[in-house]
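Trainee: The structure file target_12.txt (compact mmCIF, C-alpha atoms and all ligand atoms) is provided below.
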```txt
# COMPACT_ATOMS: atom_id res chain seq x y z
CA MET A 156 13.66 4.33 35.71
CA LEU A 157 14.30 3.90 32.03
CA GLU A 158 15.55 0.69 30.54
CA GLU A 159 17.79 2.26 27.97
CA SER A 160 19.93 0.28 25.58
CA LEU A 161 21.32 2.35 22.75
CA THR A 162 23.83 0.94 20.34
CA THR A 163 27.02 2.77 21.08
CA SER A 164 28.39 5.11 18.39
CA ILE A 165 31.64 5.58 20.24
CA ARG A 166 34.72 4.72 18.25
CA PRO A 167 36.48 1.48 19.21
CA GLY A 168 39.65 2.16 21.15
CA ALA A 169 38.48 5.51 22.48
CA ALA A 170 39.62 6.24 26.03
CA ALA A 171 37.29 4.76 28.63
CA VAL A 172 37.43 5.58 32.34
CA PRO A 173 35.49 3.67 35.05
CA THR A 174 32.49 5.62 36.29
CA ILE A 175 31.22 6.39 39.76
CA LEU A 176 27.64 5.93 40.99
CA ALA A 177 27.16 2.68 39.07
CA GLU A 178 25.52 -0.48 40.43
CA ALA A 179 25.11 -3.96 39.05
CA GLY A 180 21.64 -4.59 37.62
CA PRO A 181 19.80 -7.63 36.25
CA GLU A 182 21.07 -9.68 33.27
CA GLY A 183 24.47 -8.04 33.09
CA GLY A 184 23.03 -4.53 33.02
CA ILE A 185 24.49 -1.70 35.08
CA ARG A 186 22.37 1.00 36.67
CA CYS A 187 23.92 4.44 36.22
CA GLY A 188 23.16 6.79 39.12
CA VAL A 189 24.47 10.05 37.73
CA CYS A 190 21.30 11.56 36.33
CA ALA A 191 17.60 11.05 36.95
CA HIS A 192 17.19 8.79 33.92
CA LEU A 193 18.87 6.08 36.04
CA CYS A 194 19.58 4.10 32.88
CA LEU A 195 19.92 0.34 33.07
CA VAL A 196 22.76 0.06 30.57
CA ARG A 197 22.90 -3.30 28.79
CA PRO A 198 26.23 -4.96 27.87
CA GLY A 199 27.81 -3.24 24.86
CA ARG A 200 25.36 -0.33 24.97
CA THR A 201 25.41 3.22 26.27
CA GLY A 202 22.97 5.16 28.40
CA ILE A 203 20.74 7.87 27.00
CA CYS A 204 23.61 10.38 27.15
CA GLY A 205 25.57 8.28 24.64
CA VAL A 206 28.89 8.50 26.51
CA ARG A 207 28.58 6.03 29.38
CA GLU A 208 28.97 2.47 28.16
CA ASN A 209 28.61 -0.98 29.69
CA ARG A 210 31.89 -2.46 28.49
CA ALA A 211 32.64 -6.01 29.58
CA GLY A 212 30.58 -5.67 32.74
CA ALA A 213 31.88 -2.28 33.85
CA LEU A 214 30.32 1.11 33.24
CA VAL A 215 32.89 3.37 31.61
CA SER A 216 32.87 7.00 30.54
CA HIS A 217 34.07 8.04 27.11
CA ALA A 218 33.79 11.67 28.10
CA TYR A 219 36.64 11.83 30.62
CA GLY A 220 39.14 14.42 29.36
CA ALA A 221 37.68 14.29 25.85
CA VAL A 222 36.91 17.95 25.23
CA VAL A 223 34.92 19.03 22.18
CA ALA A 224 34.53 22.74 23.02
CA MET A 225 36.60 25.08 25.16
CA GLY A 226 37.44 28.74 25.52
CA LEU A 227 37.26 31.90 27.56
CA ASP A 228 33.79 33.37 28.19
CA PRO A 229 32.44 36.30 30.15
CA ILE A 230 30.67 34.94 33.22
CA GLU A 231 27.62 36.94 32.06
CA LYS A 232 27.32 34.55 29.10
CA LYS A 233 26.51 31.56 31.35
CA PRO A 234 24.40 33.58 32.38
CA LEU A 235 25.53 34.26 35.94
CA PHE A 236 24.86 37.90 36.84
CA HIS A 237 25.41 37.74 40.60
CA VAL A 238 28.81 36.03 40.66
CA ALA A 239 32.02 38.04 40.18
CA PRO A 240 30.50 40.40 37.56
CA GLY A 241 32.81 41.20 34.66
CA SER A 242 35.11 38.22 35.30
CA THR A 243 35.85 35.40 32.88
CA ALA A 244 35.26 31.67 33.00
CA TYR A 245 37.35 29.09 31.16
CA SER A 246 34.64 26.91 29.67
CA ILE A 247 34.79 23.24 28.68
CA ALA A 248 32.43 20.62 27.32
CA THR A 249 32.59 17.02 26.24
CA ALA A 250 30.09 15.37 23.92
CA GLY A 251 26.82 13.89 25.18
CA CYS A 252 23.63 14.92 26.94
CA PRO A 253 20.80 13.13 28.77
CA PHE A 254 18.21 15.48 27.22
CA HIS A 255 17.11 15.63 23.56
CA CYS A 256 15.79 19.17 23.38
CA THR A 257 14.41 20.04 19.98
CA PHE A 258 15.60 23.64 20.48
CA CYS A 259 19.21 22.85 21.44
CA GLN A 260 21.72 25.37 20.10
CA ASN A 261 24.60 22.93 20.62
CA TRP A 262 22.88 19.87 19.24
CA GLU A 263 25.91 18.64 17.29
CA ILE A 264 27.99 18.14 20.44
CA ALA A 265 25.03 17.31 22.72
CA GLN A 266 23.53 14.68 20.44
CA GLY A 267 26.71 13.81 18.49
CA PRO A 268 27.32 10.44 20.19
CA ARG A 269 23.71 9.34 19.62
CA LEU A 270 23.72 10.55 16.02
CA GLY A 271 27.04 8.88 15.28
CA LEU A 272 28.80 12.15 14.50
CA ASP A 273 32.59 11.99 14.48
CA LEU A 274 33.36 14.99 16.68
CA PRO A 275 36.88 16.44 16.75
CA THR A 276 38.07 15.83 20.31
CA ARG A 277 41.02 17.14 22.26
CA GLU A 278 42.48 15.22 25.18
CA LEU A 279 42.66 17.64 28.10
CA PRO A 280 43.40 16.12 31.51
CA PRO A 281 42.12 18.04 34.57
CA GLY A 282 45.52 19.56 35.37
CA ARG A 283 45.79 21.02 31.89
CA VAL A 284 42.31 22.52 32.11
CA VAL A 285 43.28 24.33 35.31
CA ALA A 286 46.61 25.46 33.84
CA ALA A 287 44.85 26.74 30.71
CA ALA A 288 42.31 28.63 32.81
CA ILE A 289 45.02 30.32 34.85
CA ALA A 290 47.06 31.15 31.74
CA ALA A 291 43.96 32.74 30.18
CA GLY A 292 43.39 34.91 33.27
CA ALA A 293 40.08 33.24 34.15
CA GLU A 294 38.77 33.32 37.70
CA SER A 295 36.45 30.35 37.18
CA ILE A 296 36.05 27.13 35.25
CA ALA A 297 32.63 26.59 33.70
CA TYR A 298 31.37 23.10 32.86
CA THR A 299 28.92 23.96 30.14
CA TYR A 300 27.62 23.84 26.52
CA VAL A 301 26.21 20.33 27.12
CA GLU A 302 24.81 18.87 30.35
CA PRO A 303 27.95 18.55 32.51
CA THR A 304 26.72 15.69 34.71
CA VAL A 305 27.43 13.34 31.78
CA PHE A 306 31.12 14.02 32.41
CA LEU A 307 30.76 14.03 36.21
CA GLU A 308 34.03 12.20 36.97
CA TYR A 309 36.02 14.59 34.80
CA ALA A 310 34.23 17.65 36.21
CA LEU A 311 34.84 16.53 39.82
CA ASP A 312 38.55 15.86 39.29
CA THR A 313 38.98 19.19 37.50
CA ALA A 314 36.92 21.09 40.07
CA ARG A 315 38.97 19.76 42.98
CA LEU A 316 42.20 20.90 41.32
CA ALA A 317 40.60 24.23 40.41
CA ARG A 318 39.63 24.83 44.04
CA GLU A 319 43.20 24.15 45.16
CA ALA A 320 44.38 26.70 42.58
CA GLY A 321 41.92 29.34 43.86
CA LEU A 322 39.50 29.15 40.94
CA ARG A 323 35.71 29.00 41.17
CA ASN A 324 33.67 26.17 39.62
CA LEU A 325 30.46 26.87 37.71
CA PHE A 326 27.87 24.50 36.21
CA VAL A 327 25.48 25.39 33.43
CA THR A 328 23.04 22.56 33.80
CA ASP A 329 19.62 21.14 33.02
CA GLY A 330 19.28 20.18 36.69
CA TYR A 331 18.94 16.44 36.14
CA ALA A 332 21.65 15.27 38.54
CA THR A 333 20.64 12.68 41.12
CA PRO A 334 20.82 13.57 44.83
CA GLU A 335 23.97 11.45 44.99
CA ALA A 336 25.62 13.43 42.18
CA VAL A 337 24.59 16.73 43.79
CA GLY A 338 26.10 15.46 47.05
CA LEU A 339 29.45 15.00 45.29
CA LEU A 340 29.26 18.35 43.53
CA GLY A 341 28.20 20.42 46.54
CA PRO A 342 31.64 20.70 48.16
CA VAL A 343 33.37 21.89 44.96
CA LEU A 344 30.74 23.84 43.04
CA ASP A 345 30.39 27.58 43.69
CA ALA A 346 27.49 28.46 41.44
CA ALA A 347 25.17 27.04 38.82
CA ASN A 348 22.79 28.35 36.24
CA VAL A 349 19.98 25.82 35.95
CA ASP A 350 17.69 25.68 32.95
CA LEU A 351 14.13 25.42 34.25
CA LYS A 352 12.77 24.89 30.77
CA ALA A 353 9.05 24.91 31.57
CA PHE A 354 6.68 24.25 34.44
CA ASN A 355 4.99 21.45 32.63
CA ASP A 356 5.87 17.77 32.73
CA ALA A 357 4.38 17.12 29.28
CA PHE A 358 6.79 19.70 27.79
CA TYR A 359 9.74 18.00 29.47
CA ARG A 360 8.66 14.57 28.21
CA LYS A 361 7.81 15.60 24.65
CA VAL A 362 10.38 18.29 23.90
CA CYS A 363 13.33 17.24 26.09
CA GLY A 364 12.89 13.49 26.68
CA ALA A 365 12.94 14.04 30.45
CA ARG A 366 10.66 14.84 33.42
CA LEU A 367 10.00 17.98 35.42
CA ALA A 368 9.92 16.63 38.99
CA PRO A 369 13.57 15.49 39.17
CA VAL A 370 14.65 18.93 37.92
CA LEU A 371 12.75 20.67 40.73
CA ASP A 372 14.17 18.21 43.27
CA SER A 373 17.69 18.71 41.98
CA ILE A 374 17.40 22.51 42.13
CA VAL A 375 16.31 22.35 45.77
CA ALA A 376 19.12 19.88 46.55
CA MET A 377 21.69 22.18 44.95
CA ARG A 378 20.44 25.10 47.02
CA ARG A 379 20.66 22.99 50.20
CA ALA A 380 24.20 22.02 49.21
CA GLY A 381 25.17 25.70 49.35
CA ILE A 382 25.54 26.28 45.60
CA TRP A 383 24.58 29.78 44.41
CA LEU A 384 21.76 29.38 41.88
CA GLU A 385 20.41 31.41 38.99
CA LEU A 386 17.63 30.00 36.82
CA THR A 387 17.02 30.38 33.10
CA THR A 388 13.85 29.87 31.08
CA LEU A 389 13.90 30.07 27.30
CA VAL A 390 10.42 31.24 26.27
CA ILE A 391 9.36 29.39 23.10
CA PRO A 392 6.22 30.62 21.32
CA GLY A 393 3.39 28.10 21.53
CA ARG A 394 5.46 25.61 23.53
CA ASN A 395 6.05 26.93 27.04
CA ASP A 396 4.75 30.53 26.97
CA ASP A 397 1.46 30.02 28.79
CA ARG A 398 1.19 32.90 31.25
CA ARG A 399 -0.40 30.89 34.06
CA GLU A 400 2.28 28.28 33.75
CA LEU A 401 5.10 30.83 33.82
CA ARG A 402 3.46 32.56 36.78
CA SER A 403 3.46 29.22 38.61
CA LEU A 404 7.11 28.75 37.71
CA ALA A 405 8.02 32.18 39.11
CA ARG A 406 6.05 31.48 42.29
CA TRP A 407 7.84 28.17 42.68
CA ILE A 408 11.18 30.01 42.57
CA VAL A 409 9.99 32.49 45.20
CA GLU A 410 8.69 29.78 47.50
CA ASN A 411 11.59 27.36 47.15
CA LEU A 412 14.64 29.54 46.53
CA GLY A 413 13.67 33.03 47.67
CA VAL A 414 12.87 36.38 46.10
CA GLU A 415 16.50 37.29 45.42
CA THR A 416 17.12 34.31 43.13
CA PRO A 417 17.93 35.71 39.67
CA TRP A 418 15.58 34.52 36.90
CA HIS A 419 16.86 34.85 33.33
CA VAL A 420 14.04 34.93 30.80
CA ARG A 421 15.54 34.39 27.35
CA ARG A 422 14.35 34.99 23.84
CA PHE A 423 14.00 31.97 21.56
CA GLN A 424 15.47 32.04 18.04
CA PRO A 425 14.64 29.32 15.47
CA VAL A 426 17.17 26.48 15.68
CA TYR A 427 17.71 22.73 15.20
CA ARG A 428 14.27 21.04 15.02
CA LEU A 429 12.25 24.17 15.75
CA LEU A 430 13.17 26.12 12.64
CA ASP A 431 9.48 26.73 11.93
CA VAL A 432 8.85 28.48 15.26
CA PRO A 433 9.27 32.28 15.18
CA PRO A 434 11.43 34.24 17.65
CA THR A 435 9.70 35.13 20.91
CA PRO A 436 7.88 38.47 20.47
CA LEU A 437 9.43 41.21 22.55
CA ALA A 438 6.02 42.04 24.07
CA VAL A 439 5.74 38.47 25.38
CA LEU A 440 9.17 38.72 27.02
CA ARG A 441 8.17 41.98 28.66
CA ARG A 442 5.00 40.38 30.02
CA VAL A 443 6.90 37.37 31.35
CA ALA A 444 9.39 39.67 33.11
CA ASP A 445 6.45 41.58 34.61
CA LEU A 446 4.80 38.45 35.94
CA GLY A 447 8.11 37.36 37.48
CA ARG A 448 8.29 40.65 39.35
CA GLU A 449 4.60 40.41 40.30
CA ALA A 450 5.34 36.99 41.77
CA GLY A 451 7.89 38.71 44.00
CA LEU A 452 11.21 38.11 42.25
CA ALA A 453 13.63 41.00 42.74
CA HIS A 454 16.02 40.15 39.90
CA VAL A 455 14.37 39.26 36.60
CA TYR A 456 16.53 39.62 33.47
CA VAL A 457 15.64 39.32 29.80
CA GLY A 458 18.42 37.86 27.66
CA ASN A 459 18.90 37.57 23.90
CA ALA A 460 16.84 40.75 23.50
CA PRO A 461 19.16 43.78 23.68
CA GLU A 462 16.30 45.95 22.38
CA LEU A 463 14.58 45.64 25.75
CA ASP A 464 17.62 46.63 27.81
CA LEU A 465 16.46 44.52 30.77
CA GLU A 466 19.75 43.15 32.04
CA ASP A 467 20.70 45.69 34.72
CA THR A 468 20.72 44.82 38.41
CA HIS A 469 18.80 47.01 40.85
CA CYS A 470 18.88 46.97 44.63
CA ALA A 471 16.18 44.69 46.08
CA GLY A 472 15.78 47.19 48.92
CA CYS A 473 15.66 50.70 47.41
CA GLY A 474 15.70 50.04 43.65
CA ARG A 475 18.99 51.86 42.97
CA LEU A 476 20.91 50.83 39.85
CA LEU A 477 23.76 48.59 41.04
CA ILE A 478 25.19 46.87 37.95
CA GLU A 479 24.80 48.09 34.36
CA ARG A 480 25.15 45.64 31.48
CA HIS A 481 25.42 46.38 27.79
CA GLY A 482 26.08 43.10 26.02
CA TYR A 483 28.99 41.68 27.98
CA ARG A 484 30.24 45.09 29.10
CA VAL A 485 29.65 45.51 32.81
CA ALA A 486 29.84 48.56 35.09
CA SER A 487 29.39 47.98 38.82
CA HIS A 488 28.22 50.72 41.19
CA LEU A 489 28.39 48.45 44.23
CA GLU A 490 30.35 49.44 47.29
CA ALA A 491 33.60 47.55 47.87
CA ASP A 492 31.78 45.14 50.22
CA GLY A 493 29.06 44.36 47.66
CA SER A 494 26.40 46.59 49.21
CA CYS A 495 24.12 49.26 47.77
CA PRO A 496 25.68 52.75 48.00
CA ASP A 497 22.32 54.25 49.00
CA CYS A 498 20.65 51.87 51.48
CA ARG A 499 23.66 49.61 52.25
CA ARG A 500 21.67 46.43 51.62
CA MET A 501 23.96 43.60 50.47
CA LEU A 502 23.29 42.33 46.97
CA ALA A 503 22.63 38.57 46.99
CA GLY A 504 25.28 36.57 45.16
CA ARG A 505 28.92 35.56 45.36
CA SER A 506 32.16 37.51 45.00
CA LEU A 507 30.41 40.85 44.51
CA ASP A 508 32.90 42.64 46.71
CA ARG A 509 34.92 44.44 44.07
CA PRO A 510 34.37 46.32 40.83
CA ALA A 511 34.43 44.54 37.52
CA ALA A 512 37.34 44.91 35.12
CA PRO A 513 37.08 44.62 31.33
CA ARG A 514 38.39 41.33 29.85
CA ARG A 515 38.78 39.74 26.44
CA TYR A 516 36.60 36.82 25.33
CA ASP A 517 37.12 34.26 22.60
CA THR A 518 34.55 31.45 22.53
CA GLN A 519 31.67 30.76 20.21
CA PRO A 520 29.33 27.94 21.42
CA ALA A 521 26.08 28.99 23.00
CA GLU A 522 25.25 28.00 26.56
CA VAL A 523 23.38 24.75 26.95
CA CYS A 524 20.03 25.95 25.67
CA GLY A 525 20.09 29.71 25.89
S1 LIG B 1 24.37 10.00 32.92
FE1 LIG B 1 22.11 9.82 32.82
S2 LIG B 1 21.71 9.45 30.64
FE2 LIG B 1 23.88 8.97 30.96
S3 LIG B 1 23.96 6.74 31.41
FE3 LIG B 1 23.85 7.84 33.38
S4 LIG B 1 21.67 7.86 33.88
FE4 LIG B 1 21.80 7.42 31.65
```
Mind converting the file's structure to structure tokens?
Ligand code: SF4

Mentor:
Amino acid sequence: MLEESLTTSIRPGAAAVPTILAEAGPEGGIRCGVCAHLCLVRPGRTGICGVRENRAGALVSHAYGAVVAMGLDPIEKKPLFHVAPGSTAYSIATAGCPFHCTFCQNWEIAQGPRLGLDLPTRELPPGRVVAAAIAAGAESIAYTYVEPTVFLEYALDTARLAREAGLRNLFVTDGYATPEAVGLLGPVLDAANVDLKAFNDAFYRKVCGARLAPVLDSIVAMRRAGIWLELTTLVIPGRNDDRRELRSLARWIVENLGVETPWHVRRFQPVYRLLDVPPTPLAVLRRVADLGREAGLAHVYVGNAPELDLEDTHCAGCGRLLIERHGYRVASHLEADGSCPDCRRMLAGRSLDRPAAPRRYDTQPAEVCG
């Protein structure tokens, strides 16, 4: 547990909504139970995420309905390759994040509250998010761009309405939710892409300000809760590209989630506080994809590297090409029931039972760390 007591940078008068999973702590502090930091938030301060404040003895969220990024994305951008291929997800984010990754592509909105940035915010109650998603022709709502557990109350209220309206709910997450938060999300979340950023606790502590073990626990809890999972690892030269470590990571996926769990290996590009680190060499990405397959994974993809053309889906049984991807253009060769036309094995995933249709996309922010 961290005893965190940041000075809040949230503007006075900003909307504040009571939080869930909060318990009274010593000396007027409140223990937040949303993410594995389990901050003890002192009076007048916020937790590590910068958006949950102890105000007059109650923990309140400044993130509820306060959207800083939104738009229509291809589901492949999350990335989720085994969920309704070719469909679109209406994507929303508030400010704040419990991690402090030095390679964050969305650092302005993730770290904005901590850095005191005055972020343009749009009030968007849950009902309006769902209405906007339907009007845009989206089949899903994605809670993304920053770590969505920091706006858990808002995500849950929106997700419940989305379910009633026949939409899917998707998380793009660092996997730091507590078991209690996963328990609340399980009934309403269809799928998640979880960033497994390294297989090394020192990396998590130094580069992200977090720990590895709670991420692994949360991933297993999400799987047990019935959420479809795909994992992503951004390979950063000299930081998390040790081959033995990545082999261990791939084996962990096989042993804990199964061989048909998609693993997205992504190319790093210099950003934020890692501007002096070069892009991941293509040869390294190829080797990492190989070791994932050697570990037994049937669906290893390489993102951010169109030169390698390693984003197609092949049948885990006979190897037949099932889904072709060129950028965000998708062509499905699956049978109507989601099976392989040659060997009839079902492709693992969700909502694979119909061909993809081309859509239009309009958003700019990157996914949480990809
Ligand atoms: S969500 Fe996580 S980082 Fe934010 S206050 Fe709660 S425990 Fe701390």

Trainee: Check the smallest atom-to-atom distance from each of A:Ser295, A:Gly226, A:Arg197, A:Ala405 to A:Pro181 using all atoms listed in the file, then report the winner.

Mentor: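 That would be A:Arg197, the residue with the smallest distance to A:Pro181.
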
Trainee: Could you list the protein, DNA and RNA residues that have any atom within 10 Å of ligand LIG 1 (chain B), counting all atoms listed in the file, and write them as a PyMOL selection string?

Mentor: chain A and resi 156-160+174-177+185-196+200-209+214-216+251-254+302-307+331-333+336+365

Trainee: Using only C-alpha atoms, find the one residue out of A:Leu371, A:Leu386, A:Ala444, A:Ile230 that sits nearest to A:Arg323.

Mentor: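 Comparing A:Leu371, A:Leu386, A:Ala444, A:Ile230 against A:Arg323, the winner is A:Ile230.
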
Trainee: Compile a residue-level contact table for stretch 303-402 of chain A against stretch 422-441 of chain A at a cut-off of 8 Å, reporting for every qualifying residue the shortest atom pair and its distance in Å to one decimal, with all atoms listed in the file counted, rows ordered by chain and ascending number, as CSV.

Mentor:
```
residue,atom,partner,partner_atom,distance
A:Leu389,CA,A:Arg422,CA,6.0
A:Val390,CA,A:Arg422,CA,6.0
A:Ile391,CA,A:Phe423,CA,5.5
A:Pro392,CA,A:Thr435,CA,5.7
```

Trainee: Rank A:Leu316, A:Lys232, A:Ala486, A:Arg475 by their smallest atom-to-atom distance to A:Cys498, using all atoms listed in the file, and report the top residue only.

Mentor: A:Arg475

Trainee: Provide the atom CA of A:Pro342 to atom CA of A:Ala314 distance in Å, to one decimal place.

Mentor: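 The value is 9.7 Å.
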
Trainee: What is the atom CA of A:Glu278 to atom CA of A:Leu325 distance in Å?

Mentor: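 Atom CA of A:Leu325 lies at a distance of 20.9 Å from atom CA of A:Glu278.
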